[in-house]
Amino acid sequence: MIAAACVIAFVAISVSLLLNLYRLAIGPHALDRVLALDTMTINAIALIVVLGIWFGVTILFEAALLFAMVGFLSTVAFCKYLLRGNVIE
């Protein structure tokens with residue numbers, strides 16, 4: 001049952017990732033692209049967690065946590081750059 005649920009979740013998250021890639025490419029404004037990139041980071045974290053559950057590998061959960069921290073910092077830095085023109089004051 002877990003394997004079937006993981007396959008369904010993997011497919012749903014992959015479709016969501018493709019839709020975010022479309023928004024990243026077509027987005028009319030830079031802020032739309034930042035939001036799409038942040039959502040893609042969340043989807044990538046979800047894919048890593050689903051793979052960790054599916055294969056039973058616990059190290060993937062730590063990798064997802066590190067990926068979440070880096071994704072958050074990059075989103076904050078990119079938004080700060082778009083609003084102020086520089087990242088470091």
# chains A, B, ... in the order shown; residues from 1 in each chain; ligands from 1

call {"tool": "residues_around", "arguments": {"residues": "A:Arg33", "least_positions_apart": "6", "cutoff": "7 Å", "atoms": "only C-alpha atoms", "output": "ChimeraX atom specification"}}
result
/A:23-24,27

call {"tool": "closest_atom_pairs", "arguments": {"of": "stretch 12-67 of chain A", "to": "stretch 74-85 of chain A", "cutoff": "12 Å", "atoms": "only C-alpha atoms", "output": "CSV"}}
result
residue,atom,partner,partner_atom,distance
A:His29,CA,A:Leu82,CA,11.0
A:Ala30,CA,A:Leu82,CA,8.0
A:Leu31,CA,A:Cys79,CA,7.8
A:Asp32,CA,A:Cys79,CA,11.0
A:Arg33,CA,A:Phe78,CA,10.5
A:Val34,CA,A:Thr75,CA,7.0
A:Leu35,CA,A:Thr75,CA,8.4
A:Ala36,CA,A:Thr75,CA,10.4
A:Leu37,CA,A:Thr75,CA,8.0
A:Asp38,CA,A:Thr75,CA,6.3
A:Thr39,CA,A:Thr75,CA,10.1
A:Met40,CA,A:Thr75,CA,11.2
A:Thr41,CA,A:Thr75,CA,9.4
A:Ile42,CA,A:Thr75,CA,11.3
A:Phe67,CA,A:Ser74,CA,10.5

call {"tool": "atom_distance", "arguments": {"atom1": "atom CA of A:Thr58", "atom2": "atom CA of A:Asn20"}}
result
27.4 Å

call {"tool": "residues_around", "arguments": {"residues": "stretch 3-10 of chain A", "least_positions_apart": "6", "cutoff": "12 Å", "atoms": "only C-alpha atoms", "output": "list in words"}}
result
Ser16, Leu17, Asn43, Ala44, Ile45, Ala46, Leu47, Ile48, Val49, Val50, Leu51, Gly52, Ile53, Trp54, Phe55 and Gly56 of chain A

call {"tool": "decode", "arguments": {"residues": "stretch 30-43 of chain A", "atoms": "C-alpha atoms", "output": "short mmCIF file (atom, residue, chain, number, x, y, z; two decimals), in the first residue's frame"}}
result
data_model
loop_
_atom_site.label_atom_id
_atom_site.label_comp_id
_atom_site.auth_asym_id
_atom_site.auth_seq_id
_atom_site.Cartn_x
_atom_site.Cartn_y
_atom_site.Cartn_z
CA ALA A 30 10.13 38.62 -12.09
CA LEU A 31 8.16 38.13 -8.88
CA ASP A 32 6.08 35.41 -10.59
CA ARG A 33 9.30 33.67 -11.49
CA VAL A 34 10.58 33.93 -7.90
CA LEU A 35 7.34 32.43 -6.61
CA ALA A 36 7.56 29.62 -9.18
CA LEU A 37 11.17 28.94 -8.19
CA ASP A 38 10.24 28.82 -4.50
CA THR A 39 7.37 26.46 -5.23
CA MET A 40 9.67 24.28 -7.31
CA THR A 41 12.01 24.08 -4.31
CA ILE A 42 9.13 22.92 -2.12
CA ASN A 43 8.13 20.34 -4.75
#
